[in-house]
>>> print(open('coords.csv').read())   # CSV, C-alpha atoms and all ligand atoms
chain,number,residue,atom,x,y,z
A,1,MET,CA,88.6,-206.1,-62.4
A,2,SER,CA,91.4,-207.9,-64.1
A,3,HIS,CA,91.8,-208.1,-67.9
A,4,THR,CA,90.5,-211.6,-67.9
A,5,ASP,CA,87.6,-211.3,-65.5
A,6,GLN,CA,84.4,-213.1,-66.4
A,7,LYS,CA,83.0,-210.2,-68.5
A,8,SER,CA,85.7,-209.7,-71.0
A,9,VAL,CA,85.8,-210.6,-74.7
A,10,VAL,CA,88.0,-210.1,-77.8
A,11,ILE,CA,85.9,-209.8,-80.9
A,12,VAL,CA,87.6,-210.4,-84.2
A,13,GLY,CA,85.9,-208.4,-87.0
A,14,ALA,CA,84.4,-204.9,-87.1
A,15,GLY,CA,81.7,-205.8,-89.6
A,16,ILE,CA,78.1,-205.4,-88.5
A,17,ALA,CA,78.1,-208.7,-86.7
A,18,GLY,CA,81.1,-207.9,-84.6
A,19,LEU,CA,80.1,-204.4,-83.9
A,20,MET,CA,76.5,-205.4,-82.9
A,21,ALA,CA,77.9,-208.0,-80.5
A,22,ALA,CA,80.5,-205.5,-79.1
A,23,ARG,CA,78.0,-202.8,-78.5
A,24,ARG,CA,75.5,-205.1,-76.8
A,25,LEU,CA,78.2,-206.5,-74.5
A,26,CYS,CA,79.7,-203.1,-73.8
A,27,ARG,CA,76.3,-201.7,-72.8
A,28,ALA,CA,76.0,-204.7,-70.4
A,29,GLY,CA,79.3,-203.7,-68.7
A,30,TRP,CA,81.7,-206.1,-70.5
A,31,ARG,CA,85.2,-205.1,-71.3
A,32,VAL,CA,85.3,-205.4,-75.1
A,33,THR,CA,88.2,-205.4,-77.5
A,34,VAL,CA,87.3,-205.3,-81.2
A,35,ILE,CA,90.1,-205.9,-83.8
A,36,ASP,CA,89.8,-205.8,-87.6
A,37,LYS,CA,92.4,-206.2,-90.3
A,38,GLY,CA,90.8,-203.6,-92.4
A,39,ARG,CA,91.5,-199.9,-92.1
A,40,GLY,CA,87.8,-199.0,-92.1
A,41,LEU,CA,84.7,-200.1,-90.2
A,42,GLY,CA,81.8,-202.1,-91.5
A,43,GLY,CA,83.5,-205.1,-93.2
A,44,ARG,CA,81.6,-205.9,-96.4
A,45,MET,CA,79.4,-202.8,-95.9
A,46,ALA,CA,82.3,-201.0,-97.6
A,47,ASN,CA,83.0,-197.8,-99.5
A,48,ARG,CA,85.9,-196.7,-101.6
A,49,ARG,CA,86.9,-193.4,-103.1
A,50,MET,CA,88.5,-192.7,-106.5
A,51,ASP,CA,89.3,-189.0,-106.7
A,52,GLU,CA,85.8,-187.3,-106.3
A,53,ALA,CA,83.9,-190.5,-107.0
A,54,ARG,CA,82.6,-192.7,-104.1
A,55,PHE,CA,81.5,-196.3,-104.4
A,56,ASP,CA,79.6,-198.6,-102.1
A,57,HIS,CA,81.4,-201.7,-103.5
A,58,GLY,CA,80.2,-204.4,-101.1
A,59,ALA,CA,76.6,-204.5,-99.8
A,60,GLN,CA,74.3,-202.2,-101.8
A,61,PHE,CA,71.4,-201.9,-99.4
A,62,PHE,CA,69.8,-203.7,-96.5
A,63,THR,CA,66.2,-204.7,-95.7
A,64,THR,CA,64.6,-205.6,-92.4
A,65,ARG,CA,62.2,-208.4,-91.6
A,66,ASP,CA,62.9,-208.8,-87.9
A,67,PRO,CA,61.7,-206.2,-85.4
A,68,ARG,CA,64.9,-206.5,-83.5
A,69,PHE,CA,66.9,-205.2,-86.5
A,70,SER,CA,64.1,-202.8,-87.5
A,71,GLY,CA,64.5,-201.0,-84.2
A,72,TYR,CA,68.1,-200.2,-85.0
A,73,VAL,CA,67.3,-199.2,-88.6
A,74,SER,CA,64.5,-196.8,-87.4
A,75,LYS,CA,67.0,-195.1,-85.1
A,76,TRP,CA,69.6,-194.8,-87.9
A,77,VAL,CA,67.0,-193.2,-90.2
A,78,ALA,CA,65.9,-190.8,-87.4
A,79,ASN,CA,69.5,-189.8,-86.8
A,80,GLY,CA,70.4,-189.3,-90.5
A,81,GLN,CA,72.7,-192.3,-90.6
A,82,ALA,CA,70.5,-194.3,-93.1
A,83,THR,CA,67.8,-193.6,-95.5
A,84,VAL,CA,65.4,-195.4,-97.9
A,85,TRP,CA,67.0,-195.7,-101.3
A,86,TYR,CA,63.9,-197.2,-102.9
A,87,GLU,CA,60.8,-199.4,-102.1
A,88,ARG,CA,60.0,-202.6,-103.9
A,89,GLU,CA,56.6,-204.2,-104.2
A,90,ASN,CA,56.1,-206.9,-101.5
A,91,SER,CA,55.7,-210.4,-102.9
A,92,ALA,CA,53.2,-211.2,-100.0
A,93,PRO,CA,49.7,-210.1,-101.0
A,94,ASP,CA,48.2,-207.0,-99.2
A,95,SER,CA,51.6,-206.2,-97.6
A,96,PRO,CA,53.3,-202.8,-97.7
A,97,PRO,CA,56.2,-202.2,-100.1
A,98,VAL,CA,59.7,-203.3,-98.8
A,99,PRO,CA,62.0,-200.3,-98.1
A,100,HIS,CA,65.6,-200.9,-99.2
A,101,TYR,CA,67.9,-198.9,-96.9
A,102,VAL,CA,71.4,-197.4,-97.5
A,103,GLY,CA,73.9,-195.9,-95.1
A,104,LEU,CA,74.3,-192.1,-95.2
A,105,PRO,CA,76.5,-190.8,-96.7
A,106,ALA,CA,77.6,-194.3,-97.5
A,107,MET,CA,77.3,-197.9,-96.2
A,108,THR,CA,80.2,-197.4,-93.9
A,109,ALA,CA,78.1,-194.9,-91.8
A,110,ILE,CA,76.4,-197.8,-90.1
A,111,GLY,CA,79.7,-199.3,-88.9
A,112,LYS,CA,80.9,-195.9,-87.8
A,113,GLN,CA,77.8,-195.3,-85.7
A,114,LEU,CA,78.0,-198.8,-84.1
A,115,ALA,CA,81.7,-198.4,-83.3
A,116,GLU,CA,81.2,-195.1,-81.3
A,117,GLY,CA,82.8,-195.5,-77.9
A,118,LEU,CA,84.2,-198.9,-78.7
A,119,ASN,CA,87.7,-197.8,-80.0
A,120,PRO,CA,88.2,-200.7,-82.3
A,121,VAL,CA,91.8,-201.7,-83.1
A,122,LEU,CA,92.0,-201.3,-86.9
A,123,GLY,CA,94.5,-202.4,-89.5
A,124,ARG,CA,95.6,-205.4,-87.5
A,125,ARG,CA,95.1,-209.0,-88.7
A,126,VAL,CA,94.5,-211.5,-85.9
A,127,THR,CA,96.9,-214.4,-86.3
A,128,GLY,CA,97.2,-216.0,-82.9
A,129,LEU,CA,94.6,-217.6,-80.5
A,130,ALA,CA,95.9,-219.2,-77.3
A,131,SER,CA,93.9,-220.3,-74.3
A,132,ASN,CA,95.3,-221.1,-70.9
A,133,GLY,CA,92.0,-222.6,-69.9
A,134,GLU,CA,90.9,-219.4,-68.1
A,135,SER,CA,91.4,-216.8,-70.7
A,136,TRP,CA,92.4,-216.2,-74.3
A,137,THR,CA,95.4,-214.3,-75.6
A,138,VAL,CA,94.7,-213.0,-79.1
A,139,ALA,CA,97.8,-212.0,-81.1
A,140,ASP,CA,97.7,-209.7,-84.1
A,141,ASP,CA,100.2,-209.3,-86.9
A,142,THR,CA,102.1,-206.5,-85.2
A,143,GLY,CA,102.9,-208.8,-82.3
A,144,SER,CA,100.5,-207.1,-79.9
A,145,THR,CA,98.3,-209.3,-77.7
A,146,HIS,CA,94.8,-208.8,-76.4
A,147,GLU,CA,93.3,-210.6,-73.5
A,148,GLY,CA,89.7,-211.8,-72.9
A,149,ARG,CA,87.9,-214.6,-71.1
A,150,TRP,CA,85.9,-215.1,-74.3
A,151,VAL,CA,86.7,-214.8,-78.0
A,152,VAL,CA,84.1,-214.1,-80.7
A,153,LEU,CA,85.1,-214.7,-84.3
A,154,THR,CA,83.0,-212.8,-87.0
A,155,ALA,CA,85.2,-213.3,-90.0
A,156,PRO,CA,83.5,-215.4,-92.8
A,157,VAL,CA,83.3,-218.9,-91.4
A,158,PRO,CA,86.1,-220.5,-93.6
A,159,GLN,CA,88.4,-217.7,-92.5
A,160,ALA,CA,87.4,-218.2,-88.8
A,161,LEU,CA,88.0,-221.9,-89.1
A,162,ASP,CA,91.4,-221.3,-90.7
A,163,LEU,CA,92.4,-219.2,-87.8
A,164,ILE,CA,91.1,-221.9,-85.4
A,165,ASP,CA,93.1,-224.6,-87.2
A,166,ARG,CA,96.3,-222.6,-87.5
A,167,ASN,CA,96.2,-222.2,-83.7
A,168,GLY,CA,95.3,-225.8,-82.9
A,169,VAL,CA,92.0,-224.9,-81.3
A,170,GLU,CA,89.8,-228.0,-81.2
A,171,LEU,CA,86.0,-227.8,-81.5
A,172,PRO,CA,83.7,-230.8,-80.9
A,173,ALA,CA,83.6,-233.0,-84.0
A,174,THR,CA,79.9,-232.7,-84.6
A,175,ASP,CA,79.9,-228.9,-84.2
A,176,ARG,CA,82.9,-228.7,-86.5
A,177,ALA,CA,81.2,-230.8,-89.2
A,178,GLN,CA,78.3,-228.3,-89.3
A,179,LEU,CA,80.7,-225.4,-89.6
A,180,ASP,CA,82.8,-227.0,-92.3
A,181,VAL,CA,80.0,-227.0,-94.8
A,182,ILE,CA,79.4,-223.3,-94.7
A,183,ASP,CA,80.6,-222.0,-98.0
A,184,TYR,CA,80.4,-218.6,-99.7
A,185,GLU,CA,80.2,-217.4,-103.3
A,186,LYS,CA,82.8,-215.0,-104.7
A,187,CYS,CA,82.1,-211.7,-106.4
A,188,ILE,CA,84.3,-209.4,-108.4
A,189,ALA,CA,83.4,-205.7,-108.0
A,190,VAL,CA,84.4,-203.1,-110.6
A,191,MET,CA,84.1,-199.4,-109.7
A,192,VAL,CA,83.5,-197.3,-112.8
A,193,GLY,CA,84.0,-193.5,-112.7
A,194,LEU,CA,82.0,-191.9,-115.6
A,195,SER,CA,82.4,-188.6,-117.2
A,196,GLY,CA,78.6,-188.0,-117.3
A,197,PRO,CA,75.4,-189.5,-115.9
A,198,SER,CA,74.8,-193.2,-116.2
A,199,GLY,CA,71.9,-194.6,-118.2
A,200,LEU,CA,70.6,-196.8,-115.4
A,201,PRO,CA,66.8,-196.8,-115.0
A,202,GLU,CA,65.2,-195.7,-111.7
A,203,PRO,CA,66.2,-196.1,-108.9
A,204,GLY,CA,69.7,-196.5,-110.3
A,205,LEU,CA,69.9,-200.2,-109.7
A,206,LEU,CA,69.8,-202.9,-112.4
A,207,ARG,CA,70.0,-206.7,-112.2
A,208,PRO,CA,70.4,-208.1,-115.8
A,209,ASP,CA,68.1,-211.1,-116.5
A,210,ASN,CA,71.2,-213.2,-117.1
A,211,PRO,CA,73.4,-212.7,-114.0
A,212,GLU,CA,76.6,-213.9,-115.8
A,213,PRO,CA,79.0,-212.3,-116.1
A,214,LEU,CA,77.3,-209.2,-114.7
A,215,ALA,CA,74.8,-209.6,-111.9
A,216,LEU,CA,74.3,-206.0,-110.7
A,217,LEU,CA,74.9,-202.4,-111.6
A,218,ALA,CA,74.3,-199.6,-109.0
A,219,ASP,CA,74.5,-195.9,-109.6
A,220,ASN,CA,76.3,-194.4,-106.6
A,221,GLN,CA,75.4,-190.8,-107.6
A,222,ARG,CA,71.7,-191.6,-107.8
A,223,LYS,CA,72.0,-193.4,-104.5
A,224,GLY,CA,73.3,-190.2,-102.9
A,225,VAL,CA,76.7,-191.8,-102.2
A,226,SER,CA,78.8,-190.0,-104.8
A,227,PRO,CA,78.8,-186.4,-105.8
A,228,VAL,CA,79.9,-187.4,-109.3
A,229,PRO,CA,78.9,-190.2,-111.7
A,230,ALA,CA,80.1,-193.5,-110.3
A,231,VAL,CA,78.7,-197.0,-111.0
A,232,THR,CA,79.5,-200.2,-109.1
A,233,LEU,CA,79.4,-203.4,-111.1
A,234,HIS,CA,79.1,-206.8,-109.4
A,235,SER,CA,79.9,-210.0,-111.3
A,236,GLY,CA,77.9,-213.2,-111.0
A,237,PRO,CA,79.5,-216.0,-109.0
A,238,ARG,CA,80.4,-218.1,-112.0
A,239,PHE,CA,82.4,-215.3,-113.5
A,240,ALA,CA,84.0,-214.6,-110.2
A,241,ASP,CA,85.1,-218.2,-109.8
A,242,SER,CA,86.6,-218.5,-113.3
A,243,HIS,CA,88.3,-215.0,-113.2
A,244,PHE,CA,89.2,-214.5,-109.6
A,245,ASP,CA,92.9,-214.7,-110.2
A,246,ALA,CA,92.9,-213.1,-113.7
A,247,PRO,CA,94.6,-209.8,-114.2
A,248,ASP,CA,92.4,-206.8,-113.2
A,249,GLN,CA,92.4,-205.5,-116.8
A,250,GLU,CA,90.9,-208.7,-118.1
A,251,LYS,CA,88.1,-208.8,-115.4
A,252,ILE,CA,87.4,-205.1,-115.9
A,253,ALA,CA,87.2,-205.5,-119.7
A,254,VAL,CA,84.6,-208.3,-119.6
A,255,LEU,CA,82.4,-206.6,-117.0
A,256,LEU,CA,82.6,-203.2,-118.7
A,257,LYS,CA,81.6,-204.7,-122.0
A,258,ALA,CA,78.5,-206.3,-120.4
A,259,ALA,CA,77.7,-203.0,-118.7
A,260,GLU,CA,78.2,-200.8,-121.7
A,261,PRO,CA,74.5,-200.6,-122.8
A,262,PHE,CA,73.6,-199.1,-119.5
A,263,LEU,CA,76.5,-196.7,-118.8
A,264,ARG,CA,75.7,-194.1,-121.5
A,265,SER,CA,78.6,-191.8,-120.6
A,266,PRO,CA,82.3,-192.4,-121.4
A,267,VAL,CA,84.3,-194.3,-118.7
A,268,ALA,CA,86.9,-192.1,-117.0
A,269,GLN,CA,88.5,-194.6,-114.6
A,270,THR,CA,88.1,-198.1,-113.2
A,271,GLN,CA,89.2,-200.2,-110.3
A,272,ALA,CA,88.5,-203.8,-109.4
A,273,HIS,CA,88.0,-205.5,-106.0
A,274,ARG,CA,87.8,-209.2,-105.2
A,275,TRP,CA,85.4,-210.5,-102.6
A,276,GLY,CA,86.5,-214.0,-101.8
A,277,PHE,CA,83.6,-214.5,-99.3
A,278,ALA,CA,80.7,-212.4,-100.7
A,279,LYS,CA,77.6,-214.1,-99.6
A,280,PRO,CA,77.0,-217.5,-97.9
A,281,LEU,CA,75.7,-220.3,-100.2
A,282,GLN,CA,74.3,-222.1,-97.2
A,283,ALA,CA,74.2,-220.9,-93.7
A,284,HIS,CA,74.4,-222.7,-90.3
A,285,PRO,CA,71.0,-223.7,-89.0
A,286,GLU,CA,71.5,-221.6,-85.8
A,287,ASP,CA,71.9,-217.9,-85.6
A,288,HIS,CA,75.4,-218.2,-84.1
A,289,TYR,CA,77.8,-220.9,-82.7
A,290,CYS,CA,79.0,-221.0,-79.1
A,291,CYS,CA,81.3,-223.5,-77.5
A,292,PRO,CA,81.0,-222.6,-73.8
A,293,GLY,CA,83.6,-225.3,-72.8
A,294,ILE,CA,86.4,-223.3,-74.3
A,295,ARG,CA,84.5,-219.9,-74.4
A,296,ILE,CA,84.6,-219.3,-78.1
A,297,ALA,CA,81.8,-218.1,-80.3
A,298,LEU,CA,81.3,-217.6,-84.1
A,299,ALA,CA,78.9,-215.2,-85.6
A,300,GLY,CA,78.2,-213.4,-88.9
A,301,ASP,CA,76.2,-213.8,-92.0
A,302,GLY,CA,77.2,-217.5,-92.2
A,303,PHE,CA,74.6,-218.1,-89.5
A,304,GLY,CA,70.8,-217.7,-89.7
A,305,GLY,CA,69.5,-215.5,-92.4
A,306,GLY,CA,72.6,-214.2,-94.1
A,307,ARG,CA,72.7,-210.7,-95.5
A,308,VAL,CA,73.3,-207.5,-93.5
A,309,GLU,CA,70.3,-208.2,-91.3
A,310,GLY,CA,71.2,-211.8,-90.6
A,311,ALA,CA,74.7,-210.8,-89.7
A,312,ALA,CA,73.5,-208.1,-87.3
A,313,LEU,CA,71.1,-210.6,-85.6
A,314,SER,CA,73.8,-213.2,-85.4
A,315,GLY,CA,76.1,-210.7,-83.6
A,316,LEU,CA,73.3,-209.9,-81.1
A,317,ALA,CA,72.6,-213.6,-80.6
A,318,ALA,CA,76.3,-214.3,-79.9
A,319,ALA,CA,76.4,-211.5,-77.4
A,320,ASP,CA,73.2,-212.8,-75.6
A,321,SER,CA,74.8,-216.3,-75.5
A,322,LEU,CA,77.9,-214.9,-73.8
A,323,MET,CA,75.8,-213.0,-71.3
A,324,ALA,CA,73.7,-216.0,-70.5
A,325,HIS,CA,76.8,-218.1,-69.8
A,326,GLU,CA,78.3,-215.4,-67.6
A,327,LYS,CA,74.9,-214.5,-66.1
A,328,THR,CA,74.9,-210.9,-67.2
A,329,THR,CA,71.6,-209.1,-67.6
A,330,PRO,CA,71.2,-207.5,-71.1
A,331,GLN,CA,70.9,-203.7,-70.9
A,332,SER,CA,69.0,-201.5,-73.3
A,333,THR,CA,69.5,-197.8,-73.2
A,334,HIS,CA,68.1,-194.8,-75.0
A,335,GLU,CA,70.9,-195.3,-77.6
A,336,ASP,CA,70.1,-198.9,-78.4
A,337,PRO,CA,66.6,-200.0,-78.9
A,338,PRO,CA,65.4,-202.8,-76.6
A,339,ILE,CA,65.7,-206.3,-78.2
B,1,LIG,C1,79.6,-207.7,-103.3
B,1,LIG,C2,78.6,-207.9,-102.1
B,1,LIG,C3,77.3,-207.5,-102.2
B,1,LIG,C4,76.4,-207.6,-101.2
B,1,LIG,N1,75.2,-207.1,-101.3
B,1,LIG,C5,74.3,-207.2,-100.2
B,1,LIG,C6,73.1,-206.5,-100.2
B,1,LIG,O1,72.8,-205.8,-101.2
B,1,LIG,N2,72.3,-206.6,-99.1
B,1,LIG,C7,72.7,-207.3,-98.0
B,1,LIG,O2,71.9,-207.4,-97.0
B,1,LIG,N3,73.8,-208.0,-98.0
B,1,LIG,C8,74.7,-207.9,-99.0
B,1,LIG,N4,75.9,-208.5,-99.0
B,1,LIG,C9,76.3,-209.3,-97.8
B,1,LIG,C10,76.6,-208.4,-96.6
B,1,LIG,O3,77.6,-207.4,-96.9
B,1,LIG,C11,77.1,-209.3,-95.5
B,1,LIG,O4,76.1,-210.3,-95.2
B,1,LIG,C12,77.4,-208.6,-94.1
B,1,LIG,O5,77.9,-207.3,-94.3
B,1,LIG,C13,78.3,-209.5,-93.3
B,1,LIG,O6,78.7,-208.9,-92.1
B,1,LIG,P1,79.6,-209.7,-91.1
B,1,LIG,O7,79.8,-208.8,-90.0
B,1,LIG,O8,79.1,-211.0,-90.9
B,1,LIG,O9,81.0,-209.9,-91.9
B,1,LIG,P2,82.0,-208.8,-92.5
B,1,LIG,O10,81.3,-207.6,-92.9
B,1,LIG,O11,82.8,-209.6,-93.6
B,1,LIG,O12,82.9,-208.5,-91.3
B,1,LIG,C14,84.0,-209.4,-90.9
B,1,LIG,C15,85.2,-208.6,-90.6
B,1,LIG,O13,86.2,-209.5,-90.1
B,1,LIG,C16,87.5,-208.9,-90.4
B,1,LIG,N5,88.5,-210.0,-90.3
B,1,LIG,C17,88.5,-211.2,-91.0
B,1,LIG,N6,89.5,-211.9,-90.6
B,1,LIG,C18,90.2,-211.2,-89.7
B,1,LIG,C19,91.4,-211.4,-89.0
B,1,LIG,N7,92.1,-212.5,-89.1
B,1,LIG,N8,91.8,-210.4,-88.2
B,1,LIG,C20,91.1,-209.3,-88.1
B,1,LIG,N9,90.0,-209.0,-88.7
B,1,LIG,C21,89.5,-210.0,-89.6
B,1,LIG,C22,87.2,-208.4,-91.9
B,1,LIG,O14,88.2,-207.5,-92.2
B,1,LIG,C23,85.8,-207.9,-91.8
B,1,LIG,O15,85.8,-206.5,-91.5
B,1,LIG,C24,76.9,-208.3,-100.0
B,1,LIG,C25,78.2,-208.7,-99.9
B,1,LIG,C26,79.1,-208.5,-100.9
B,1,LIG,C27,80.5,-208.8,-100.7
>>> encode(input="coords.csv", output="structure tokens", more="lines below")
Ligand SMILES: Cc1cc2nc3c(=O)[nH]c(=O)nc-3n(C[C@H](O)[C@H](O)[C@H](O)COP(=O)(O)OP(=O)(O)OC[C@H]3O[C@@H](n4cnc5c(N)ncnc54)[C@H](O)[C@@H]3O)c2cc1C
Amino acid sequence: MSHTDQKSVVIVGAGIAGLMAARRLCRAGWRVTVIDKGRGLGGRMANRRMDEARFDHGAQFFTTRDPRFSGYVSKWVANGQATVWYERENSAPDSPPVPHYVGLPAMTAIGKQLAEGLNPVLGRRVTGLASNGESWTVADDTGSTHEGRWVVLTAPVPQALDLIDRNGVELPATDRAQLDVIDYEKCIAVMVGLSGPSGLPEPGLLRPDNPEPLALLADNQRKGVSPVPAVTLHSGPRFADSHFDAPDQEKIAVLLKAAEPFLRSPVAQTQAHRWGFAKPLQAHPEDHYCCPGIRIALAGDGFGGGRVEGAALSGLAAADSLMAHEKTTPQSTHEDPPI
């Protein structure tokens, strides 16, 4: 088979959407290249280390509503790659409590599991997209190129559209109008190493009543992510908007002051991270976008239900769409639950 045979795809992004799509296509016999600009796997399901302290500084947990995603989550729990952090009462009457899952030992465990056997290309930013009508040549910032008959972009939608525009790729105007309105809120995360336990109540997660400037505090030690006291702070979107380009020390000072009543122990060290595209404010009405005329698809949490689960389902939907267009039969194996 040539590099650009019918069943070949370049997937931009090794977050959960890209990896779900990649895995599904790979299982069905496609030749799949996954590229991510980050050094790690999992995208916004991210983890960072500061000395001994470890922080999930993006997504804090995931929930499942859809049986297609629950199948994966059950498998991760059975294999020790995820666990229940806590359960919350269900707002629907007479329904069981809702488990809130975390990756084990950290959120990145999920991306690592999904990427097994895929050999993603990491630490390369995709900059070029060129089609000769039959196949795509995808260029990264080292000058390397990757060929595929299809391209799937799973970066947050404004970033995917920026890549499309920079390369003169044209989408039908009505499709484009629906994609253009997908917008995301920002978030500033501050990682706080403490010299003793935090004062956060059970289960180690707190959302202050007023989400500005501080929307969430999460205790990574209580979560089982960090061997030493380590708290993640997430700002509210208004604070993130107004302070996105402020010096780190300024952002950190404001969020630390708001967190002070809950931290209890002295602060040993801090670090800030800016999420420019944290969560979609409004998503596309479909679970993915596909333009079969030029064989490009977009997927991720900007489609369908958002969140980790929505992104995962979007990746699967994009994979199914490609398979339908190339008349490939989806495969399920003992490793991936049937969907
Ligand atoms: C602070 C924060 C808190 C959150 N909390 C929760 C939560 O508690 N529960 C929940 O369900 N969801 C939460 N979310 C949302 C959740 O993390 C996302 O919905 C989900 O992880 C999105 O997955 P994705 O694959 O669509 O995108 P991403 O995970 O963003 O993956 C896209 C990937 O594309 C890569 N990329 C982008 N551009 C390029 C390029 N040009 N070249 C190469 N690679 C590129 C990026 O590096 C990234 O790895 C949170 C998000 C944030 C930021």
>>> residues_near_ligand(input="coords.csv", ligand="ligand LIG 1 (chain B)", cutoff="7 Å", atoms="all atoms listed in the file", output="number ranges by chain")
A: 12-18, 35-38, 41-45, 57-63, 124-127, 154-156, 159-160, 163, 187, 189, 234, 275, 277-279, 299-302, 306-312
>>> residues_around(input="coords.csv", residues="A:Leu214", least_positions_apart="6", cutoff="7 Å", atoms="only C-alpha atoms", output="compact mmCIF listing (two decimals) with C-alpha atoms, keeping the file's coordinate frame")
# COMPACT_ATOMS: atom_id res chain seq x y z
CA HIS A 234 79.10 -206.80 -109.40
CA SER A 235 79.90 -210.00 -111.30
CA GLY A 236 77.90 -213.20 -111.00
CA LEU A 255 82.40 -206.60 -117.00
CA ALA A 258 78.50 -206.30 -120.40
>>> residues_around(input="coords.csv", residues="stretch 169-172 of chain A", least_positions_apart="6", cutoff="10 Å", atoms="all atoms listed in the file", output="PyMOL selection string")
chain A and resi 129-131+161+163+179+291+293-294+296
>>> closest_residue(input="coords.csv", among="A:Gly196, A:Pro158, A:Pro67, A:Gly103", to="A:Asp180", atoms="all atoms listed in the file")
A:Pro158
>>> residues_around(input="coords.csv", residues="A:Pro292", least_positions_apart="3", cutoff="10 Å", atoms="all atoms listed in the file", output="JSON, numbers by chain")
{"A": [150, 289, 295, 296, 297, 321, 322, 325, 326]}
>>> residues_around(input="coords.csv", residues="A:His100", least_positions_apart="5", cutoff="9 Å", atoms="only C-alpha atoms", output="list in words")
Phe61, Phe62, Thr63, Thr64, Thr83, Val84, Trp85, Tyr86, Glu87 and Arg88 of chain A
>>> write_last_selection(input="coords.csv", atoms="C-alpha atoms", output="short mmCIF file (atom, residue, chain, number, x, y, z; two decimals), in the frame of the given file")
data_model
loop_
_atom_site.label_atom_id
_atom_site.label_comp_id
_atom_site.auth_asym_id
_atom_site.auth_seq_id
_atom_site.Cartn_x
_atom_site.Cartn_y
_atom_site.Cartn_z
CA PHE A 61 71.40 -201.90 -99.40
CA PHE A 62 69.80 -203.70 -96.50
CA THR A 63 66.20 -204.70 -95.70
CA THR A 64 64.60 -205.60 -92.40
CA THR A 83 67.80 -193.60 -95.50
CA VAL A 84 65.40 -195.40 -97.90
CA TRP A 85 67.00 -195.70 -101.30
CA TYR A 86 63.90 -197.20 -102.90
CA GLU A 87 60.80 -199.40 -102.10
CA ARG A 88 60.00 -202.60 -103.90
#
>>> closest_residue(input="coords.csv", among="A:Asp175, A:Ala115, A:Gly199, A:Ile11", to="A:Glu286", atoms="all atoms listed in the file")
A:Asp175
